[in-house]
Amino acid sequence: MSAADSPTPHESFDGPAPRLIATDLDGTLLRDDKTVSPRTVAALAAAEAAGIEVFFVTGRPARWMGVVSDHLASHGMAIVGNGAAVFDLRAGTLIEAFPLPESDALAVAHALREAVPGTAFAVERTAVFRREPAYEAPDPDGPGACAPIETLLAEDRDQPVLKMLAKHPTLNPDDFLATALAVAGRQAEITRSSETALLEISGAGVSKATTLAKCCAERGVTAAEVVAFGDMPN
């Protein structure tokens with residue numbers, strides 16, 4: 001189909017005009033080198049100029065949101081940690097958190113470690129990342145970073161647990177997820193967004209979708225007025 005033959009937005013879209021765009025980052029908004037293309041930057045600016053609010057919705061923690069810091073314009077709202085928190089990136093402030101309770105995190109960790117020996121865990125809080133020694137670190141460790149999961153969950157209690165991560169060195173990612181859901185799926189929201197055996201564990205009922213729905217309801221935006229983009233199971 002040539003450009004001249006392409007349908008106009010009105011002809012190709014059957015529904016109310018969008019009021020909010022919700023976009024994932026990795027594998028969606030970001031290119032493979034974690035940059036944002038000029039075309040995408042222009043599209044975000046055009047959406048904003050048309051009165052459409054843009055939400056970044058990601059599994060990333062807030063500390064990894066620098067990839068979009070140069071492209072915020074007025075759209076600085078982000079749902080991070082797979083729905084565990086809402087941040088205003090422009091102000092650098094936490095708006096609301098939906099944490100994973102320590103007791104549920106421990107129950108999931110114990111069940112998963114029993115079902116899949118060799119599983120290693122890490123904990124992501126609002127501003128702190130801590131890991132077990134066997135968990136390969138994506139970032140340089142801070143003081144006291146390495147400890148068993150029981151200790152990690154007992155530390156830094158002034159910050160809510162946004163999510164717990166579970167990693168296995170050899171399992172198939174889908175098999176790992178299926179096992180986790182079978183042994184602990186009632187106590188937490190468990191998903192994945194990596195090509196490796198890495199699970200992301202949030203509070204029960206907490207997901208990108210639930211937090212996005214809450215933010216939309218607060219703005220009087222219906223589901224029919226949202227356009228969402230994403231690429232992985234989370």
# chains A, B, ... in the order shown; residues from 1 in each chain; ligands from 1
>>> residues_around(residues="Gly230 of chain A", least_positions_apart="4", cutoff="10 Å", atoms="only C-alpha atoms", output="ChimeraX atom specification")
/A:22-29,57-58,234
>>> residues_around(residues="segment 161-175 of chain A", least_positions_apart="4", cutoff="6 Å", atoms="only C-alpha atoms", output="list in words")
Ala84, Pro99, Leu100, Thr119, Ala120, Phe121, Ala122, Val123, Glu124, Arg125, Thr196, Ala197, Leu198, Leu199, Glu200, Ile201 and Ser202 of chain A
>>> residues_around(residues="Val116 of chain A", least_positions_apart="5", cutoff="9 Å", atoms="only C-alpha atoms", output="list of chain:residue names")
A:Ala111, A:His168, A:Phe176, A:Thr179, A:Ala180
>>> select_by_dssp(residues="segment 42-227 of chain A", states="strand (DSSP E)", output="ChimeraX atom specification")
/A:53-57,77-80,85-88,93-97,120-125,129-131,161-167,188-191,198-203,226-227
>>> write_last_selection(atoms="N, CA and C atoms", output="compact mmCIF listing (two decimals), in the first residue's frame")
# COMPACT_ATOMS: atom_id res chain seq x y z
N GLU A 53 -2.12 12.59 27.23
CA GLU A 53 -1.12 12.36 28.28
C GLU A 53 -0.34 11.10 27.97
N VAL A 54 0.97 11.12 28.23
CA VAL A 54 1.83 9.97 27.99
C VAL A 54 2.32 9.42 29.33
N PHE A 55 2.10 8.13 29.54
CA PHE A 55 2.61 7.43 30.72
C PHE A 55 3.65 6.41 30.27
N PHE A 56 4.82 6.42 30.91
CA PHE A 56 5.78 5.34 30.73
C PHE A 56 5.41 4.24 31.72
N VAL A 57 5.23 3.03 31.23
CA VAL A 57 4.79 1.91 32.07
C VAL A 57 5.81 0.79 31.89
N MET A 77 5.12 11.27 33.86
CA MET A 77 4.54 10.27 34.75
C MET A 77 4.99 8.87 34.35
N ALA A 78 5.33 8.07 35.35
CA ALA A 78 5.81 6.72 35.07
C ALA A 78 5.26 5.74 36.10
N ILE A 79 4.78 4.62 35.60
CA ILE A 79 4.43 3.47 36.43
C ILE A 79 5.62 2.52 36.34
N VAL A 80 6.29 2.30 37.46
CA VAL A 80 7.52 1.52 37.45
C VAL A 80 7.35 0.25 38.27
N ALA A 85 4.76 1.11 41.71
CA ALA A 85 4.87 2.51 42.14
C ALA A 85 4.57 3.44 40.98
N VAL A 86 4.10 4.63 41.35
CA VAL A 86 3.87 5.70 40.38
C VAL A 86 4.81 6.84 40.75
N PHE A 87 5.63 7.26 39.79
CA PHE A 87 6.60 8.33 40.01
C PHE A 87 6.31 9.50 39.08
N ASP A 88 6.56 10.70 39.60
CA ASP A 88 6.63 11.89 38.76
C ASP A 88 8.11 12.09 38.45
N THR A 93 9.73 12.49 42.37
CA THR A 93 9.01 12.14 43.59
C THR A 93 8.13 10.90 43.40
N LEU A 94 8.01 10.14 44.47
CA LEU A 94 7.12 8.99 44.51
C LEU A 94 5.70 9.48 44.78
N ILE A 95 4.77 9.12 43.91
CA ILE A 95 3.37 9.52 44.08
C ILE A 95 2.62 8.50 44.94
N GLU A 96 2.81 7.23 44.64
CA GLU A 96 2.09 6.17 45.35
C GLU A 96 2.81 4.86 45.15
N ALA A 97 2.75 3.99 46.15
CA ALA A 97 3.39 2.68 46.06
C ALA A 97 2.39 1.59 46.43
N ALA A 120 18.15 -17.81 43.02
CA ALA A 120 18.71 -16.72 43.80
C ALA A 120 17.77 -15.52 43.73
N PHE A 121 17.79 -14.70 44.79
CA PHE A 121 16.80 -13.63 44.91
C PHE A 121 17.46 -12.26 45.08
N ALA A 122 16.69 -11.24 44.72
CA ALA A 122 17.08 -9.85 44.96
C ALA A 122 15.82 -9.07 45.32
N VAL A 123 16.01 -7.92 45.95
CA VAL A 123 14.90 -7.10 46.40
C VAL A 123 15.08 -5.69 45.85
N GLU A 124 14.01 -5.18 45.25
CA GLU A 124 14.00 -3.81 44.72
C GLU A 124 13.06 -2.98 45.59
N ARG A 125 13.61 -1.99 46.28
CA ARG A 125 12.81 -1.05 47.04
C ARG A 125 12.75 0.28 46.28
N PHE A 129 18.52 -1.29 45.94
CA PHE A 129 18.53 -2.63 45.38
C PHE A 129 19.49 -3.48 46.20
N ARG A 130 19.02 -4.65 46.65
CA ARG A 130 19.85 -5.57 47.41
C ARG A 130 19.69 -6.98 46.82
N ARG A 131 20.75 -7.80 46.94
CA ARG A 131 20.73 -9.12 46.31
C ARG A 131 21.41 -10.16 47.19
N VAL A 161 8.96 -2.63 49.69
CA VAL A 161 9.46 -3.55 48.67
C VAL A 161 8.59 -3.40 47.41
N LEU A 162 9.18 -2.90 46.34
CA LEU A 162 8.42 -2.78 45.10
C LEU A 162 8.29 -4.12 44.40
N LYS A 163 9.38 -4.88 44.38
CA LYS A 163 9.29 -6.23 43.83
C LYS A 163 10.49 -7.05 44.28
N MET A 164 10.30 -8.35 44.26
CA MET A 164 11.37 -9.30 44.49
C MET A 164 11.69 -9.94 43.15
N LEU A 165 12.96 -10.18 42.91
CA LEU A 165 13.37 -10.84 41.68
C LEU A 165 13.94 -12.21 41.99
N ALA A 166 13.66 -13.17 41.13
CA ALA A 166 14.16 -14.53 41.29
C ALA A 166 14.86 -14.93 40.00
N LYS A 167 16.06 -15.46 40.13
CA LYS A 167 16.86 -15.81 38.95
C LYS A 167 17.37 -17.22 39.08
N ALA A 188 1.29 -13.88 45.23
CA ALA A 188 1.92 -12.72 44.62
C ALA A 188 1.63 -12.71 43.13
N GLU A 189 1.90 -11.58 42.51
CA GLU A 189 1.81 -11.46 41.06
C GLU A 189 3.20 -11.80 40.52
N ILE A 190 3.29 -12.81 39.66
CA ILE A 190 4.59 -13.28 39.16
C ILE A 190 4.58 -13.23 37.64
N THR A 191 5.59 -12.59 37.09
CA THR A 191 5.67 -12.48 35.64
C THR A 191 7.13 -12.42 35.22
N LEU A 198 14.49 -15.07 34.63
CA LEU A 198 14.38 -14.01 35.63
C LEU A 198 12.91 -13.69 35.85
N LEU A 199 12.45 -13.89 37.07
CA LEU A 199 11.06 -13.62 37.40
C LEU A 199 10.96 -12.33 38.21
N GLU A 200 9.86 -11.61 38.01
CA GLU A 200 9.56 -10.38 38.74
C GLU A 200 8.32 -10.63 39.59
N ILE A 201 8.43 -10.43 40.88
CA ILE A 201 7.40 -10.82 41.83
C ILE A 201 6.88 -9.58 42.56
N SER A 202 5.59 -9.29 42.38
CA SER A 202 4.96 -8.11 42.96
C SER A 202 3.87 -8.54 43.94
N GLY A 203 3.32 -7.56 44.64
CA GLY A 203 2.23 -7.85 45.54
C GLY A 203 1.05 -8.45 44.81
N VAL A 226 -7.62 4.79 25.99
CA VAL A 226 -6.20 4.51 26.23
C VAL A 226 -5.64 3.69 25.07
N VAL A 227 -4.45 4.08 24.62
CA VAL A 227 -3.70 3.26 23.66
C VAL A 227 -2.45 2.76 24.40
>>> decode(residues="segment 171-182 of chain A", atoms="all heavy atoms", output="PDB file, in the first residue's frame")
ATOM      1  N   LEU A 171      17.446 -22.707  33.914  1.00  0.00           N
ATOM      2  CA  LEU A 171      16.088 -23.086  33.533  1.00  0.00           C
ATOM      3  C   LEU A 171      15.586 -22.326  32.313  1.00  0.00           C
ATOM      4  O   LEU A 171      15.965 -21.178  32.064  1.00  0.00           O
ATOM      5  CB  LEU A 171      15.129 -22.836  34.684  1.00  0.00           C
ATOM      6  CG  LEU A 171      14.991 -23.916  35.762  1.00  0.00           C
ATOM      7  CD1 LEU A 171      13.900 -23.517  36.733  1.00  0.00           C
ATOM      8  CD2 LEU A 171      14.694 -25.268  35.156  1.00  0.00           C
ATOM      9  N   ASN A 172      14.682 -22.953  31.571  1.00  0.00           N
ATOM     10  CA  ASN A 172      13.941 -22.269  30.521  1.00  0.00           C
ATOM     11  C   ASN A 172      13.043 -21.209  31.177  1.00  0.00           C
ATOM     12  O   ASN A 172      12.356 -21.498  32.157  1.00  0.00           O
ATOM     13  CB  ASN A 172      13.100 -23.279  29.752  1.00  0.00           C
ATOM     14  CG  ASN A 172      12.159 -22.629  28.760  1.00  0.00           C
ATOM     15  OD1 ASN A 172      11.068 -22.200  29.124  1.00  0.00           O
ATOM     16  ND2 ASN A 172      12.578 -22.558  27.512  1.00  0.00           N
ATOM     17  N   PRO A 173      13.030 -19.971  30.668  1.00  0.00           N
ATOM     18  CA  PRO A 173      12.247 -18.912  31.317  1.00  0.00           C
ATOM     19  C   PRO A 173      10.765 -19.239  31.478  1.00  0.00           C
ATOM     20  O   PRO A 173      10.176 -18.953  32.535  1.00  0.00           O
ATOM     21  CB  PRO A 173      12.453 -17.715  30.389  1.00  0.00           C
ATOM     22  CG  PRO A 173      13.752 -17.972  29.714  1.00  0.00           C
ATOM     23  CD  PRO A 173      13.822 -19.457  29.538  1.00  0.00           C
ATOM     24  N   ASP A 174      10.151 -19.829  30.459  1.00  0.00           N
ATOM     25  CA  ASP A 174       8.729 -20.153  30.556  1.00  0.00           C
ATOM     26  C   ASP A 174       8.471 -21.258  31.573  1.00  0.00           C
ATOM     27  O   ASP A 174       7.469 -21.227  32.294  1.00  0.00           O
ATOM     28  CB  ASP A 174       8.180 -20.546  29.189  1.00  0.00           C
ATOM     29  CG  ASP A 174       8.070 -19.368  28.236  1.00  0.00           C
ATOM     30  OD1 ASP A 174       7.838 -18.240  28.715  1.00  0.00           O
ATOM     31  OD2 ASP A 174       8.224 -19.566  27.023  1.00  0.00           O
ATOM     32  N   ASP A 175       9.382 -22.242  31.641  1.00  0.00           N
ATOM     33  CA  ASP A 175       9.232 -23.310  32.628  1.00  0.00           C
ATOM     34  C   ASP A 175       9.390 -22.756  34.047  1.00  0.00           C
ATOM     35  O   ASP A 175       8.669 -23.160  34.971  1.00  0.00           O
ATOM     36  CB  ASP A 175      10.271 -24.403  32.389  1.00  0.00           C
ATOM     37  CG  ASP A 175      10.013 -25.172  31.098  1.00  0.00           C
ATOM     38  OD1 ASP A 175       8.883 -25.087  30.565  1.00  0.00           O
ATOM     39  OD2 ASP A 175      10.949 -25.849  30.616  1.00  0.00           O
ATOM     40  N   PHE A 176      10.318 -21.839  34.210  1.00  0.00           N
ATOM     41  CA  PHE A 176      10.539 -21.216  35.514  1.00  0.00           C
ATOM     42  C   PHE A 176       9.290 -20.449  35.956  1.00  0.00           C
ATOM     43  O   PHE A 176       8.835 -20.558  37.093  1.00  0.00           O
ATOM     44  CB  PHE A 176      11.746 -20.283  35.416  1.00  0.00           C
ATOM     45  CG  PHE A 176      12.311 -19.810  36.732  1.00  0.00           C
ATOM     46  CD1 PHE A 176      12.169 -20.558  37.898  1.00  0.00           C
ATOM     47  CD2 PHE A 176      13.015 -18.616  36.793  1.00  0.00           C
ATOM     48  CE1 PHE A 176      12.712 -20.123  39.107  1.00  0.00           C
ATOM     49  CE2 PHE A 176      13.562 -18.172  37.996  1.00  0.00           C
ATOM     50  CZ  PHE A 176      13.405 -18.914  39.147  1.00  0.00           C
ATOM     51  N   LEU A 177       8.711 -19.701  35.038  1.00  0.00           N
ATOM     52  CA  LEU A 177       7.489 -18.947  35.347  1.00  0.00           C
ATOM     53  C   LEU A 177       6.339 -19.888  35.678  1.00  0.00           C
ATOM     54  O   LEU A 177       5.608 -19.662  36.651  1.00  0.00           O
ATOM     55  CB  LEU A 177       7.119 -18.050  34.166  1.00  0.00           C
ATOM     56  CG  LEU A 177       5.813 -17.260  34.295  1.00  0.00           C
ATOM     57  CD1 LEU A 177       5.829 -16.358  35.518  1.00  0.00           C
ATOM     58  CD2 LEU A 177       5.553 -16.448  33.031  1.00  0.00           C
ATOM     59  N   ALA A 178       6.182 -20.945  34.902  1.00  0.00           N
ATOM     60  CA  ALA A 178       5.092 -21.879  35.140  1.00  0.00           C
ATOM     61  C   ALA A 178       5.208 -22.535  36.516  1.00  0.00           C
ATOM     62  O   ALA A 178       4.217 -22.692  37.237  1.00  0.00           O
ATOM     63  CB  ALA A 178       5.064 -22.945  34.047  1.00  0.00           C
ATOM     64  N   THR A 179       6.427 -22.904  36.895  1.00  0.00           N
ATOM     65  CA  THR A 179       6.646 -23.509  38.208  1.00  0.00           C
ATOM     66  C   THR A 179       6.327 -22.515  39.322  1.00  0.00           C
ATOM     67  O   THR A 179       5.663 -22.851  40.311  1.00  0.00           O
ATOM     68  CB  THR A 179       8.094 -23.990  38.343  1.00  0.00           C
ATOM     69  OG1 THR A 179       8.356 -24.987  37.353  1.00  0.00           O
ATOM     70  CG2 THR A 179       8.344 -24.588  39.720  1.00  0.00           C
ATOM     71  N   ALA A 180       6.783 -21.284  39.161  1.00  0.00           N
ATOM     72  CA  ALA A 180       6.533 -20.267  40.178  1.00  0.00           C
ATOM     73  C   ALA A 180       5.042 -20.005  40.349  1.00  0.00           C
ATOM     74  O   ALA A 180       4.537 -19.890  41.469  1.00  0.00           O
ATOM     75  CB  ALA A 180       7.264 -18.977  39.814  1.00  0.00           C
ATOM     76  N   LEU A 181       4.329 -19.929  39.253  1.00  0.00           N
ATOM     77  CA  LEU A 181       2.889 -19.706  39.331  1.00  0.00           C
ATOM     78  C   LEU A 181       2.187 -20.883  40.022  1.00  0.00           C
ATOM     79  O   LEU A 181       1.225 -20.691  40.770  1.00  0.00           O
ATOM     80  CB  LEU A 181       2.312 -19.496  37.931  1.00  0.00           C
ATOM     81  CG  LEU A 181       2.721 -18.181  37.249  1.00  0.00           C
ATOM     82  CD1 LEU A 181       2.248 -18.178  35.791  1.00  0.00           C
ATOM     83  CD2 LEU A 181       2.152 -16.985  37.990  1.00  0.00           C
ATOM     84  N   ALA A 182       2.684 -22.088  39.765  1.00  0.00           N
ATOM     85  CA  ALA A 182       2.061 -23.272  40.360  1.00  0.00           C
ATOM     86  C   ALA A 182       2.264 -23.331  41.866  1.00  0.00           C
ATOM     87  O   ALA A 182       1.362 -23.720  42.612  1.00  0.00           O
ATOM     88  CB  ALA A 182       2.620 -24.531  39.699  1.00  0.00           C
TER      89      ALA A 182
END
